[in-house]
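Everything below belongs to my_file01.cif, which stores mmCIF, C-alpha atoms.
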```
data_work
#
loop_
_atom_site.label_atom_id
_atom_site.label_comp_id
_atom_site.auth_asym_id
_atom_site.auth_seq_id
_atom_site.Cartn_x
_atom_site.Cartn_y
_atom_site.Cartn_z
CA MET D 968 26.89 -8.98 10.00
CA LEU D 969 26.77 -6.24 12.63
CA HIS D 970 30.00 -5.21 14.31
CA VAL D 971 29.58 -3.20 17.50
CA HIS D 972 32.83 -1.31 18.04
CA HIS D 973 34.07 -1.04 21.60
CA ASN D 974 34.96 2.62 21.26
CA VAL D 975 31.34 3.67 20.80
CA ASN D 976 30.83 7.07 22.46
CA HIS D 977 33.93 6.53 24.59
CA PHE D 978 33.31 9.73 26.52
CA ASN D 979 29.98 8.59 27.95
CA ILE D 980 31.16 5.07 28.66
CA CYS D 981 34.21 6.38 30.51
CA ASN D 982 31.97 8.59 32.63
CA CYS D 983 30.04 5.55 33.74
CA TYR D 984 33.18 3.64 34.69
CA SER D 985 35.07 6.56 36.35
CA ASN D 986 36.04 6.32 40.02
CA PRO D 987 34.68 8.77 42.62
CA THR D 988 36.78 11.93 42.82
CA THR D 989 39.16 12.01 45.82
CA VAL D 990 38.39 14.98 48.11
CA GLU D 991 40.67 16.24 50.86
CA GLU D 992 39.24 16.21 54.41
CA THR D 993 39.97 19.95 54.79
CA ASP D 994 37.31 20.89 52.22
CA PRO D 995 34.39 22.27 54.31
CA ASP D 996 31.90 22.12 51.40
CA VAL D 997 32.04 18.36 51.06
CA GLU D 998 29.98 16.14 53.29
CA GLU D 999 31.78 13.07 54.55
CA VAL D 1000 30.03 9.78 53.82
CA ASP D 1001 30.99 6.48 55.37
CA GLU D 1002 31.65 3.85 52.72
CA GLU D 1003 31.37 0.14 53.28
CA GLU D 1004 34.26 -1.94 52.14
CA GLU D 1005 33.52 -4.37 49.33
CA GLU D 1006 33.60 -7.98 50.35
CA ASP D 1007 36.61 -9.78 49.05
CA ASP D 1008 34.65 -12.88 48.18
CA VAL D 1009 32.49 -11.24 45.41
CA PRO D 1010 33.19 -13.11 42.16
CA PRO D 1011 34.70 -10.96 39.38
CA ASN D 1012 32.01 -12.00 36.91
CA GLN D 1013 29.24 -10.67 39.19
CA THR D 1014 31.07 -7.36 39.48
CA ALA D 1015 31.28 -7.14 35.69
CA LEU D 1016 27.59 -7.97 35.33
CA GLY D 1017 26.71 -5.24 37.80
CA LEU D 1018 28.74 -2.68 35.89
CA THR D 1019 27.19 -3.79 32.61
CA SER D 1020 23.71 -3.47 34.10
CA GLN D 1021 24.47 0.08 35.25
CA LEU D 1022 25.91 0.91 31.87
CA MET D 1023 22.88 -0.32 29.93
CA GLN D 1024 20.56 1.71 32.16
CA ASN D 1025 22.27 4.95 31.16
CA PRO D 1026 20.08 6.57 28.44
CA GLN D 1027 23.04 8.47 26.94
CA VAL D 1028 25.01 5.27 26.44
CA LEU D 1029 22.01 3.48 24.92
CA ALA D 1030 21.42 6.36 22.51
CA ALA D 1031 25.07 6.35 21.49
CA LEU D 1032 25.06 2.59 20.88
CA GLN D 1033 21.84 2.79 18.87
CA SER D 1034 23.22 5.62 16.73
CA ARG D 1035 26.36 3.65 16.02
CA MET D 1036 24.45 0.48 15.13
CA ASP D 1037 22.12 2.38 12.79
CA GLY D 1038 25.17 3.61 10.92
CA ILE D 1039 26.60 0.16 10.24
CA VAL D 1040 23.43 -1.82 9.43
CA GLY D 1041 23.78 -3.33 5.96
CA THR D 1042 27.51 -2.60 5.73
CA PRO D 1043 29.29 -5.63 4.22
CA SER D 1044 31.73 -7.25 6.60
CA GLY D 1045 33.89 -8.78 3.85
CA TYR D 1046 33.13 -12.30 5.06
CA ILE D 1047 31.97 -13.57 1.64
CA GLN D 1048 34.99 -12.03 -0.11
CA SER D 1049 37.36 -13.67 2.34
CA LEU D 1050 36.12 -17.21 1.71
CA PRO D 1051 38.33 -19.69 -0.20
CA LYS D 1052 37.67 -20.30 -3.91
CA SER D 1053 36.34 -23.77 -3.21
CA VAL D 1054 33.66 -22.36 -0.91
CA LYS D 1055 32.77 -19.60 -3.38
CA ARG D 1056 32.35 -22.30 -6.03
CA ARG D 1057 29.82 -24.08 -3.83
CA ILE D 1058 27.96 -20.81 -3.31
CA LYS D 1059 27.61 -20.48 -7.09
CA ALA D 1060 26.08 -23.96 -7.15
CA LEU D 1061 23.55 -22.85 -4.52
CA LYS D 1062 22.69 -19.76 -6.58
CA LYS D 1063 22.00 -21.95 -9.60
CA LEU D 1064 19.69 -24.07 -7.46
CA GLN D 1065 18.02 -20.85 -6.29
CA PHE D 1066 17.46 -19.83 -9.92
CA ASP D 1067 15.86 -23.22 -10.69
CA SER D 1068 13.67 -22.75 -7.61
CA SER D 1069 12.56 -19.34 -8.91
CA LYS D 1070 11.51 -20.91 -12.21
CA ILE D 1071 9.36 -23.45 -10.36
CA GLU D 1072 7.87 -20.57 -8.37
CA GLY D 1073 7.06 -18.83 -11.66
CA ASP D 1074 5.24 -21.94 -12.92
CA PHE D 1075 3.29 -21.99 -9.66
CA TYR D 1076 2.09 -18.41 -10.15
CA LYS D 1077 1.08 -19.18 -13.74
CA GLU D 1078 -1.18 -21.95 -12.49
CA VAL D 1079 -2.56 -19.64 -9.81
CA HIS D 1080 -3.43 -17.15 -12.54
CA GLU D 1081 -5.19 -19.84 -14.58
CA LEU D 1082 -7.15 -20.81 -11.46
CA GLU D 1083 -8.04 -17.14 -10.96
CA CYS D 1084 -9.31 -16.97 -14.55
CA LYS D 1085 -11.42 -20.06 -13.94
CA TYR D 1086 -13.08 -18.71 -10.80
CA ALA D 1087 -13.55 -15.24 -12.32
CA THR D 1088 -16.37 -16.68 -14.45
CA LYS D 1089 -18.25 -17.66 -11.27
CA TYR D 1090 -18.30 -14.04 -10.09
CA ILE D 1091 -19.79 -12.74 -13.36
CA PRO D 1092 -23.49 -13.40 -12.50
CA LEU D 1093 -23.07 -11.68 -9.11
CA PHE D 1094 -21.32 -8.63 -10.56
CA GLU D 1095 -23.91 -8.34 -13.35
CA LYS D 1096 -26.71 -8.31 -10.79
CA ARG D 1097 -24.80 -5.71 -8.78
CA SER D 1098 -24.57 -3.53 -11.88
CA LYS D 1099 -28.31 -3.80 -12.51
CA VAL D 1100 -29.11 -2.79 -8.93
CA VAL D 1101 -26.69 0.18 -9.10
CA THR D 1102 -28.08 1.44 -12.41
CA GLY D 1103 -31.73 0.81 -11.50
CA GLY D 1104 -32.24 -1.96 -14.04
CA VAL D 1105 -33.49 -4.30 -11.29
CA GLU D 1106 -35.28 -3.61 -8.01
CA PRO D 1107 -34.04 -6.06 -5.37
CA THR D 1108 -36.63 -8.27 -3.67
CA ASP D 1109 -37.23 -8.44 0.07
CA ASP D 1110 -35.24 -11.66 0.11
CA ASP D 1111 -32.34 -9.90 -1.68
CA CYS D 1112 -32.39 -7.17 0.98
CA ASP D 1113 -32.44 -9.56 3.94
CA TRP D 1114 -29.20 -8.35 5.49
CA PRO D 1115 -28.66 -6.96 9.02
CA SER D 1116 -28.13 -3.22 9.37
CA ASP D 1117 -27.02 -1.42 12.53
CA GLU D 1118 -28.97 1.66 11.48
CA GLU D 1119 -32.20 -0.32 11.06
CA LYS D 1120 -31.74 -1.94 14.48
CA GLU D 1121 -31.53 1.49 16.13
CA ASP D 1122 -34.61 2.67 14.22
CA GLU D 1123 -36.56 -0.40 15.37
CA LYS D 1124 -35.61 0.24 19.02
CA ASP D 1125 -36.76 3.86 18.78
CA GLU D 1126 -39.97 2.76 17.07
CA VAL D 1127 -40.81 0.30 19.87
CA LYS D 1128 -40.14 2.97 22.52
CA ASN D 1129 -42.30 5.52 20.73
CA LYS D 1130 -45.22 3.12 20.24
CA ALA D 1131 -45.19 2.31 23.95
CA LYS D 1132 -45.62 6.00 24.80
CA ILE D 1133 -48.23 7.16 22.28
CA GLY D 1134 -51.99 6.58 22.07
CA ASP D 1135 -54.20 5.19 19.26
CA ALA D 1136 -54.57 8.49 17.41
CA GLU D 1137 -50.86 9.15 17.49
CA LYS D 1138 -50.20 5.54 16.36
CA ALA D 1139 -52.23 6.17 13.22
CA ASP D 1140 -50.23 9.33 12.50
CA SER D 1141 -47.01 7.39 13.10
CA GLU D 1142 -48.04 4.68 10.63
CA ASP D 1143 -48.85 7.30 7.99
CA LYS D 1144 -45.43 8.83 8.58
CA GLU D 1145 -43.78 5.44 8.10
CA LYS D 1146 -45.58 4.92 4.80
CA LYS D 1147 -44.37 8.31 3.58
CA GLU D 1148 -40.81 7.45 4.59
CA ASP D 1149 -41.06 4.14 2.73
CA ASN D 1150 -42.19 6.00 -0.39
CA GLU D 1151 -39.41 8.57 -0.13
CA GLY D 1152 -36.93 8.24 -2.97
CA ALA D 1153 -39.34 6.16 -5.05
CA ASP D 1154 -38.39 8.31 -8.05
CA VAL D 1155 -34.65 7.81 -7.45
CA LYS D 1156 -33.17 5.31 -9.86
CA GLY D 1157 -30.65 2.75 -8.59
CA ILE D 1158 -27.83 4.08 -6.39
CA PRO D 1159 -26.82 7.56 -7.58
CA SER D 1160 -23.10 8.39 -7.92
CA PHE D 1161 -22.15 4.89 -6.81
CA TRP D 1162 -18.77 4.57 -8.53
CA LEU D 1163 -17.90 8.24 -8.08
CA THR D 1164 -18.41 7.81 -4.33
CA VAL D 1165 -16.32 4.63 -4.33
CA PHE D 1166 -13.44 6.39 -6.08
CA LYS D 1167 -13.61 9.48 -3.88
CA ASN D 1168 -13.47 7.31 -0.76
CA VAL D 1169 -10.11 5.88 -1.83
CA ASP D 1170 -7.22 8.29 -1.29
CA MET D 1171 -5.11 7.27 -4.29
CA LEU D 1172 -8.10 7.73 -6.62
CA SER D 1173 -9.61 10.82 -5.01
CA GLU D 1174 -6.32 12.65 -5.61
CA MET D 1175 -6.77 12.04 -9.34
CA ILE D 1176 -10.37 13.28 -9.50
CA GLN D 1177 -10.83 16.97 -10.29
CA ASP D 1178 -14.05 18.98 -10.01
CA HIS D 1179 -14.54 18.85 -13.78
CA ASP D 1180 -14.28 15.03 -13.71
CA GLU D 1181 -17.20 14.48 -11.33
CA PRO D 1182 -20.07 15.20 -13.78
CA ILE D 1183 -18.51 12.68 -16.19
CA LEU D 1184 -17.93 9.97 -13.55
CA ASN D 1185 -21.59 10.26 -12.55
CA HIS D 1186 -22.27 8.50 -15.86
CA LEU D 1187 -20.01 5.55 -14.93
CA GLN D 1188 -22.24 2.49 -14.60
CA ASP D 1189 -19.85 -0.37 -13.95
CA VAL D 1190 -16.19 -1.35 -13.58
CA LYS D 1191 -15.14 -4.88 -14.53
CA VAL D 1192 -11.97 -6.96 -14.58
CA LYS D 1193 -11.24 -9.35 -17.42
CA PHE D 1194 -8.30 -11.69 -16.97
CA LEU D 1195 -5.99 -12.49 -19.86
CA SER D 1196 -5.12 -16.17 -20.09
CA GLY D 1197 -2.64 -18.00 -22.30
CA GLU D 1198 0.88 -16.89 -23.13
CA GLU D 1199 0.29 -13.23 -22.22
CA MET D 1200 -0.58 -12.97 -18.54
CA GLY D 1201 -2.46 -9.90 -17.32
CA PHE D 1202 -5.86 -8.25 -16.96
CA THR D 1203 -8.04 -5.53 -18.48
CA LEU D 1204 -10.06 -2.97 -16.53
CA GLU D 1205 -13.32 -2.05 -18.27
CA PHE D 1206 -15.14 1.18 -17.40
CA GLN D 1207 -18.69 1.16 -18.77
CA PHE D 1208 -20.43 4.51 -19.27
CA GLU D 1209 -23.95 5.42 -20.24
CA SER D 1210 -24.43 7.82 -23.15
CA ASN D 1211 -23.31 11.30 -22.18
CA LYS D 1212 -22.46 14.70 -23.63
CA PHE D 1213 -18.72 14.45 -22.90
CA PHE D 1214 -17.47 11.62 -25.15
CA ASN D 1215 -18.89 9.13 -27.62
CA ASN D 1216 -17.33 6.02 -26.04
CA THR D 1217 -19.45 3.78 -23.85
CA LEU D 1218 -16.45 1.63 -22.88
CA LEU D 1219 -12.99 2.79 -21.75
CA THR D 1220 -10.30 0.18 -21.14
CA LYS D 1221 -6.89 -0.13 -19.49
CA THR D 1222 -4.85 -3.31 -20.05
CA TYR D 1223 -1.99 -4.42 -17.80
CA THR D 1224 0.57 -6.99 -18.90
CA MET D 1225 2.25 -9.06 -16.20
CA ARG D 1226 5.35 -11.22 -15.92
CA SER D 1227 5.36 -14.31 -13.72
CA GLU D 1228 8.85 -15.63 -14.34
CA PRO D 1229 12.25 -14.36 -13.11
CA ASP D 1230 13.84 -11.53 -15.06
CA GLU D 1231 16.96 -12.81 -16.83
CA ALA D 1232 18.82 -9.61 -16.00
CA ASP D 1233 18.00 -9.84 -12.28
CA PRO D 1234 16.60 -13.31 -11.52
CA PHE D 1235 16.95 -13.16 -7.74
CA SER D 1236 14.69 -10.12 -7.43
CA PHE D 1237 11.68 -12.27 -8.35
CA GLU D 1238 8.97 -12.17 -5.70
CA GLY D 1239 5.94 -13.20 -7.73
CA PRO D 1240 3.99 -11.76 -10.68
CA GLU D 1241 4.60 -8.10 -11.48
CA ILE D 1242 3.09 -5.61 -13.91
CA ILE D 1243 5.60 -4.70 -16.61
CA LYS D 1244 3.56 -2.49 -18.93
CA CYS D 1245 0.11 -1.05 -19.52
CA LYS D 1246 -1.95 0.28 -22.42
CA GLY D 1247 -4.86 2.69 -22.32
CA CYS D 1248 -7.41 3.66 -24.97
CA GLU D 1249 -8.33 6.67 -27.06
CA ILE D 1250 -11.23 8.72 -25.75
CA ASP D 1251 -13.47 10.17 -28.49
CA TRP D 1252 -14.19 13.51 -26.86
CA VAL D 1253 -17.05 15.70 -27.98
CA LYS D 1254 -15.73 19.03 -29.24
CA GLY D 1255 -15.11 21.42 -26.37
CA GLN D 1256 -15.62 18.75 -23.68
CA ASN D 1257 -12.10 17.32 -23.38
CA VAL D 1258 -11.17 17.84 -19.72
CA THR D 1259 -7.65 16.42 -20.13
CA VAL D 1260 -6.45 19.56 -21.92
CA LYS D 1261 -6.87 23.27 -21.38
CA THR D 1262 -6.22 26.37 -23.43
CA VAL D 1263 -3.90 29.05 -22.12
CA LYS D 1264 -3.07 32.45 -23.56
CA LYS D 1265 0.45 33.82 -23.47
CA LYS D 1266 1.82 37.22 -24.41
CA GLN D 1267 5.05 37.35 -26.40
CA LYS D 1268 7.17 40.47 -26.88
CA HIS D 1269 9.35 40.91 -29.96
CA LYS D 1270 12.91 41.76 -28.93
CA GLY D 1271 13.72 44.00 -31.86
CA ARG D 1272 10.42 45.72 -32.60
CA GLY D 1273 9.10 45.86 -29.06
CA THR D 1274 5.65 44.74 -30.22
CA THR D 1275 3.61 42.17 -28.32
CA ARG D 1276 1.29 39.43 -29.52
CA THR D 1277 -1.02 36.97 -27.77
CA ILE D 1278 -0.80 33.29 -28.67
CA THR D 1279 -3.14 30.48 -27.67
CA LYS D 1280 -1.62 27.18 -26.56
CA THR D 1281 -3.16 23.84 -25.60
CA VAL D 1282 -1.54 22.13 -22.60
CA GLN D 1283 -2.29 19.04 -20.53
CA ASN D 1284 -4.80 19.48 -17.73
CA ASP D 1285 -5.06 17.48 -14.49
CA SER D 1286 -7.84 14.92 -14.82
CA PHE D 1287 -8.81 11.41 -13.79
CA PHE D 1288 -9.12 10.56 -17.47
CA ASN D 1289 -5.36 10.92 -17.99
CA PHE D 1290 -5.40 7.42 -16.45
CA PHE D 1291 -6.31 6.12 -19.92
CA SER D 1292 -3.24 7.71 -21.54
CA PRO D 1293 -0.32 6.19 -19.58
CA PRO D 1294 3.32 6.78 -20.54
CA GLN D 1295 4.97 4.08 -22.59
CA VAL D 1296 7.56 1.82 -20.99
CA PRO D 1297 10.81 2.16 -22.97
CA GLU D 1298 12.25 -1.07 -24.36
CA ASP D 1299 15.65 -0.12 -22.98
CA GLU D 1300 15.26 0.27 -19.21
CA SER D 1301 18.34 2.48 -19.09
CA GLU D 1302 16.29 5.17 -20.86
CA MET D 1303 13.82 5.33 -17.95
CA ASP D 1304 14.42 8.28 -15.64
CA GLU D 1305 13.29 8.53 -12.02
CA ASP D 1306 10.18 10.59 -12.81
CA LEU D 1307 8.95 8.13 -15.42
CA GLU D 1308 9.69 5.18 -13.16
CA ALA D 1309 7.74 6.77 -10.29
CA LEU D 1310 4.82 7.60 -12.60
CA LEU D 1311 4.62 4.04 -13.93
CA ALA D 1312 4.94 2.56 -10.44
CA ALA D 1313 2.00 4.68 -9.25
CA ASP D 1314 -0.04 3.70 -12.30
CA PHE D 1315 0.66 -0.01 -11.76
CA GLU D 1316 -0.29 0.30 -8.09
CA ILE D 1317 -3.61 1.96 -8.95
CA GLY D 1318 -4.46 -0.67 -11.57
CA HIS D 1319 -3.63 -3.49 -9.18
CA PHE D 1320 -5.69 -1.91 -6.39
CA ILE D 1321 -8.76 -1.52 -8.62
CA ARG D 1322 -8.47 -5.16 -9.66
CA GLU D 1323 -7.74 -6.63 -6.21
CA ARG D 1324 -9.83 -4.46 -3.91
CA ILE D 1325 -12.28 -2.07 -5.53
CA VAL D 1326 -14.04 -4.27 -8.08
CA PRO D 1327 -14.57 -7.26 -5.76
CA ARG D 1328 -15.61 -5.11 -2.74
CA ALA D 1329 -17.19 -2.05 -4.35
CA VAL D 1330 -20.14 -1.73 -1.94
CA LEU D 1331 -17.82 -1.79 1.08
CA TYR D 1332 -15.79 1.09 -0.37
CA PHE D 1333 -19.05 2.91 -1.11
CA THR D 1334 -20.12 2.65 2.55
CA GLY D 1335 -16.59 3.16 3.88
CA GLU D 1336 -16.44 -0.20 5.70
CA ALA D 1337 -13.54 -1.42 3.58
CA LEU D 1338 -11.57 1.72 4.47
CA GLU D 1339 -11.68 0.77 8.16
CA ASN D 1340 -10.24 -2.65 7.35
CA ASP D 1341 -7.51 -1.07 5.18
CA ASP D 1342 -6.53 1.27 8.04
CA ASP D 1343 -6.24 -1.66 10.46
CA PHE D 1344 -4.04 -3.51 7.97
CA ASP D 1345 -1.73 -0.52 7.50
CA GLU D 1346 -1.30 -0.07 11.25
CA GLU D 1347 -0.36 -3.74 11.71
CA GLU D 1348 2.10 -3.46 8.86
CA GLU D 1349 3.76 -0.39 10.39
CA GLU D 1350 3.99 -2.07 13.78
CA GLY D 1351 5.68 -5.04 12.16
CA GLU D 1352 8.22 -2.79 10.51
CA GLU D 1353 9.10 -1.17 13.82
CA GLU D 1354 9.67 -4.50 15.53
CA GLY D 1355 12.34 -5.91 13.22
CA GLU D 1356 15.53 -3.85 13.17
CA TYR D 1357 17.99 -6.46 11.91
CA ASP D 1358 17.51 -9.70 10.01
CA GLU D 1359 20.46 -12.09 10.00
CA ASP D 1360 18.96 -14.07 7.09
CA ALA D 1361 18.82 -10.93 4.94
CA ASP D 1362 22.51 -10.11 5.54
CA PRO D 1363 24.66 -11.84 2.89
CA ASP D 1364 27.79 -11.28 4.98
CA TYR D 1365 26.43 -12.73 8.22
CA ASN D 1366 28.95 -15.17 9.72
CA PRO D 1367 27.47 -17.40 12.44
CA GLN D 1368 30.92 -18.41 13.65
CA THR D 1369 31.84 -14.85 14.65
CA ALA D 1370 28.40 -13.64 15.65
CA GLY D 1371 28.84 -14.66 19.26
CA GLY D 1372 26.45 -16.60 21.44
CA LYS D 1373 25.02 -20.05 20.91
CA PRO D 1374 22.85 -20.88 17.90
CA GLU D 1375 19.16 -21.29 18.60
CA GLU D 1376 17.81 -24.80 18.61
CA CYS D 1377 15.87 -25.85 15.51
CA LYS D 1378 12.16 -25.52 16.01
CA GLN D 1379 9.95 -28.33 14.81
CA GLN D 1380 7.18 -27.25 12.51
#
```

Let's see the structure in the file written out as structure tokens.
Amino acid sequence: MLHVHHNVNHFNICNCYSNPTTVEETDPDVEEVDEEEEEDDVPPNQTALGLTSQLMQNPQVLAALQSRMDGIVGTPSGYIQSLPKSVKRRIKALKKLQFDSSKIEGDFYKEVHELECKYATKYIPLFEKRSKVVTGGVEPTDDDCDWPSDEEKEDEKDEVKNKAKIGDAEKADSEDKEKKEDNEGADVKGIPSFWLTVFKNVDMLSEMIQDHDEPILNHLQDVKVKFLSGEEMGFTLEFQFESNKFFNNTLLTKTYTMRSEPDEADPFSFEGPEIIKCKGCEIDWVKGQNVTVKTVKKKQKHKGRGTTRTITKTVQNDSFFNFFSPPQVPEDESEMDEDLEALLAADFEIGHFIRERIVPRAVLYFTGEALENDDDFDEEEEEGEEEGEYDEDADPDYNPQTAGGKPEECKQQ
């Protein structure tokens, strides 16, 4: 519960309430102003309201109040601790009910996952056809390409305008030009650099991609999601590559294991399924092509002899392909430091984003249309955060009896 102390920025408040300074009539620098006497019949409550209105219009007072309130948000009021034992006992009963509710919620998410696995099979034919179009295995028919395009509409308008202006001879030249344009790119197979472009259009992935990764990612042909059903809930990301000179694998995988039930150590933190660990795969690099490591030379000087020697050392190199060698989650969470926790959190976020957004909407990330929708969503989310400064329901020490004011009426749903 929020407590607004009455001595907030007392100096500014006092300035607002202070009486006009009394000035002697002999002072020549002060202009005399006739003052009207206040009517005796003005109710005291109206006078107080007027003063309050003036006070709340003073920007210094408002800033002082806001600063004070920011400092006490989330501070326990001691209300829960002050309750009688009998009331605390009832609260424990409610917490047990809450725990049972969380278990039901976990069962709900398990069924949602099973439903997701069921419908994933219906997407397979569509994603396989997408892969064939991207790699050039299939040339789409005119019916497949029957989809409106803003660029084509503009071209058609220009074409109509041009045909209206030119004569027969120029029309023939224009038709020949159109045929040449239609034949342009006839030797280009599929959609070049499709997945590389998708990844580079997404900030969290583009930050991972280095210059030496791009030639390798140009061989990436498809990215798939396979859901794990049964006792172990989770999903596997499959990255399918064509044969290349960098590694012998044609399939790289990353598996994420999820938990959909409350954690026994902290059951009330449960807010739905969460990734708890992940496992990569070993990349069979061709000799001299491993971009995840680099060789550095260091000079060492002998303290006693004063001689120097040069040693060669292999160290980790920044690369997108480090994604397939994630750090292991320690069995004992107390052994996890902040750096490891942040690294795993970022990894889990990337895996979830590839599964939820990139694989289902790959073409929209290729064209950039999905990025516009993501930006709109982020802006709405930020606006929502700015609106809510205090949530009574989220304050465990909120006491409605001392909060002041009348409770709002229940709203019918």

Skipping near chain neighbours, those fewer than 6 positions away, what residues fall within 9 Å of range 1192-1206 of chain D using all atoms listed in the file, listed as a list in words? Lys1077, His1080, Glu1081, Glu1083, Cys1084, Ala1087, Thr1217, Leu1218, Leu1219, Thr1220, Lys1221, Thr1222, Tyr1223, Thr1224, Met1225, Arg1226, Ser1227, Ile1242, Gly1318, Ile1321, Arg1322 and Val1326 of chain D

Go ahead and dump the residues you just picked, C-alpha atoms, as a PDB file, in the frame of the given file.
```pdb
ATOM      1  CA  LYS D1077       1.080 -19.180 -13.740  1.00  0.00           C
ATOM      2  CA  HIS D1080      -3.430 -17.150 -12.540  1.00  0.00           C
ATOM      3  CA  GLU D1081      -5.190 -19.840 -14.580  1.00  0.00           C
ATOM      4  CA  GLU D1083      -8.040 -17.140 -10.960  1.00  0.00           C
ATOM      5  CA  CYS D1084      -9.310 -16.970 -14.550  1.00  0.00           C
ATOM      6  CA  ALA D1087     -13.550 -15.240 -12.320  1.00  0.00           C
ATOM      7  CA  THR D1217     -19.450   3.780 -23.850  1.00  0.00           C
ATOM      8  CA  LEU D1218     -16.450   1.630 -22.880  1.00  0.00           C
ATOM      9  CA  LEU D1219     -12.990   2.790 -21.750  1.00  0.00           C
ATOM     10  CA  THR D1220     -10.300   0.180 -21.140  1.00  0.00           C
ATOM     11  CA  LYS D1221      -6.890  -0.130 -19.490  1.00  0.00           C
ATOM     12  CA  THR D1222      -4.850  -3.310 -20.050  1.00  0.00           C
ATOM     13  CA  TYR D1223      -1.990  -4.420 -17.800  1.00  0.00           C
ATOM     14  CA  THR D1224       0.570  -6.990 -18.900  1.00  0.00           C
ATOM     15  CA  MET D1225       2.250  -9.060 -16.200  1.00  0.00           C
ATOM     16  CA  ARG D1226       5.350 -11.220 -15.920  1.00  0.00           C
ATOM     17  CA  SER D1227       5.360 -14.310 -13.720  1.00  0.00           C
ATOM     18  CA  ILE D1242       3.090  -5.610 -13.910  1.00  0.00           C
ATOM     19  CA  GLY D1318      -4.460  -0.670 -11.570  1.00  0.00           C
ATOM     20  CA  ILE D1321      -8.760  -1.520  -8.620  1.00  0.00           C
ATOM     21  CA  ARG D1322      -8.470  -5.160  -9.660  1.00  0.00           C
ATOM     22  CA  VAL D1326     -14.040  -4.270  -8.080  1.00  0.00           C
TER      23      VAL D1326
END
```

Expressed in Å, the length from CA of His1319 in chain D to CA of Val1260 in chain D is 26.5 Å

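Here CA of Val1263 in chain D stands at a distance of 21.2 Å from CA of Ile1176 in chain D.
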
Please evaluate the PyMOL selection byres ((chain D and resi 1228) around 10) against the displayed coordinates and give the resulting residues as an NGL selection string. :D and (1069-1077 or 1225-1227 or 1229-1231 or 1234 or 1237-1241)

Long-range neighbours of Thr1164 in chain D as a VMD selection string, 12 Å cut-off, all atoms listed in the file, 4 positions minimum in chain: chain D and resid 1158 to 1160 1168 to 1170 1172 to 1173 1176 1181 1184 to 1185 1187 1325 1329 to 1335

Next, write the just-selected residues to a file, as a PDB file, keeping the file's coordinate frame, keeping C-alpha atoms as the atom set.
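To be explicit, this is the file written out as selection_17.pdb:
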```pdb
ATOM      1  CA  ILE D1158     -27.830   4.080  -6.390  1.00  0.00           C
ATOM      2  CA  PRO D1159     -26.820   7.560  -7.580  1.00  0.00           C
ATOM      3  CA  SER D1160     -23.100   8.390  -7.920  1.00  0.00           C
ATOM      4  CA  ASN D1168     -13.470   7.310  -0.760  1.00  0.00           C
ATOM      5  CA  VAL D1169     -10.110   5.880  -1.830  1.00  0.00           C
ATOM      6  CA  ASP D1170      -7.220   8.290  -1.290  1.00  0.00           C
ATOM      7  CA  LEU D1172      -8.100   7.730  -6.620  1.00  0.00           C
ATOM      8  CA  SER D1173      -9.610  10.820  -5.010  1.00  0.00           C
ATOM      9  CA  ILE D1176     -10.370  13.280  -9.500  1.00  0.00           C
ATOM     10  CA  GLU D1181     -17.200  14.480 -11.330  1.00  0.00           C
ATOM     11  CA  LEU D1184     -17.930   9.970 -13.550  1.00  0.00           C
ATOM     12  CA  ASN D1185     -21.590  10.260 -12.550  1.00  0.00           C
ATOM     13  CA  LEU D1187     -20.010   5.550 -14.930  1.00  0.00           C
ATOM     14  CA  ILE D1325     -12.280  -2.070  -5.530  1.00  0.00           C
ATOM     15  CA  ALA D1329     -17.190  -2.050  -4.350  1.00  0.00           C
ATOM     16  CA  VAL D1330     -20.140  -1.730  -1.940  1.00  0.00           C
ATOM     17  CA  LEU D1331     -17.820  -1.790   1.080  1.00  0.00           C
ATOM     18  CA  TYR D1332     -15.790   1.090  -0.370  1.00  0.00           C
ATOM     19  CA  PHE D1333     -19.050   2.910  -1.110  1.00  0.00           C
ATOM     20  CA  THR D1334     -20.120   2.650   2.550  1.00  0.00           C
ATOM     21  CA  GLY D1335     -16.590   3.160   3.880  1.00  0.00           C
TER      22      GLY D1335
END
```

Which residue out of D:Phe1235, D:Asp1110, D:Ser1286, D:Val1155 has the minimum interatomic distance to Asp1067 in chain D when all atoms listed in the file are used? D:Phe1235

Could you pull out every residue with an atom within 8 Å of (-7.3, 19.4, -20.6), file coordinates, counting all atoms listed in the file, and send them as a ChimeraX atom specification? /D:1257-1262,1281-1286

Mind writing the picked residues with C-alpha atoms as a PDB file, in the frame of the given file?
```pdb
ATOM      1  CA  ASN D1257     -12.100  17.320 -23.380  1.00  0.00           C
ATOM      2  CA  VAL D1258     -11.170  17.840 -19.720  1.00  0.00           C
ATOM      3  CA  THR D1259      -7.650  16.420 -20.130  1.00  0.00           C
ATOM      4  CA  VAL D1260      -6.450  19.560 -21.920  1.00  0.00           C
ATOM      5  CA  LYS D1261      -6.870  23.270 -21.380  1.00  0.00           C
ATOM      6  CA  THR D1262      -6.220  26.370 -23.430  1.00  0.00           C
ATOM      7  CA  THR D1281      -3.160  23.840 -25.600  1.00  0.00           C
ATOM      8  CA  VAL D1282      -1.540  22.130 -22.600  1.00  0.00           C
ATOM      9  CA  GLN D1283      -2.290  19.040 -20.530  1.00  0.00           C
ATOM     10  CA  ASN D1284      -4.800  19.480 -17.730  1.00  0.00           C
ATOM     11  CA  ASP D1285      -5.060  17.480 -14.490  1.00  0.00           C
ATOM     12  CA  SER D1286      -7.840  14.920 -14.820  1.00  0.00           C
TER      13      SER D1286
END
```

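CA of Phe1066 in chain D sits 22.1 Å away from CA of Leu1050 in chain D.
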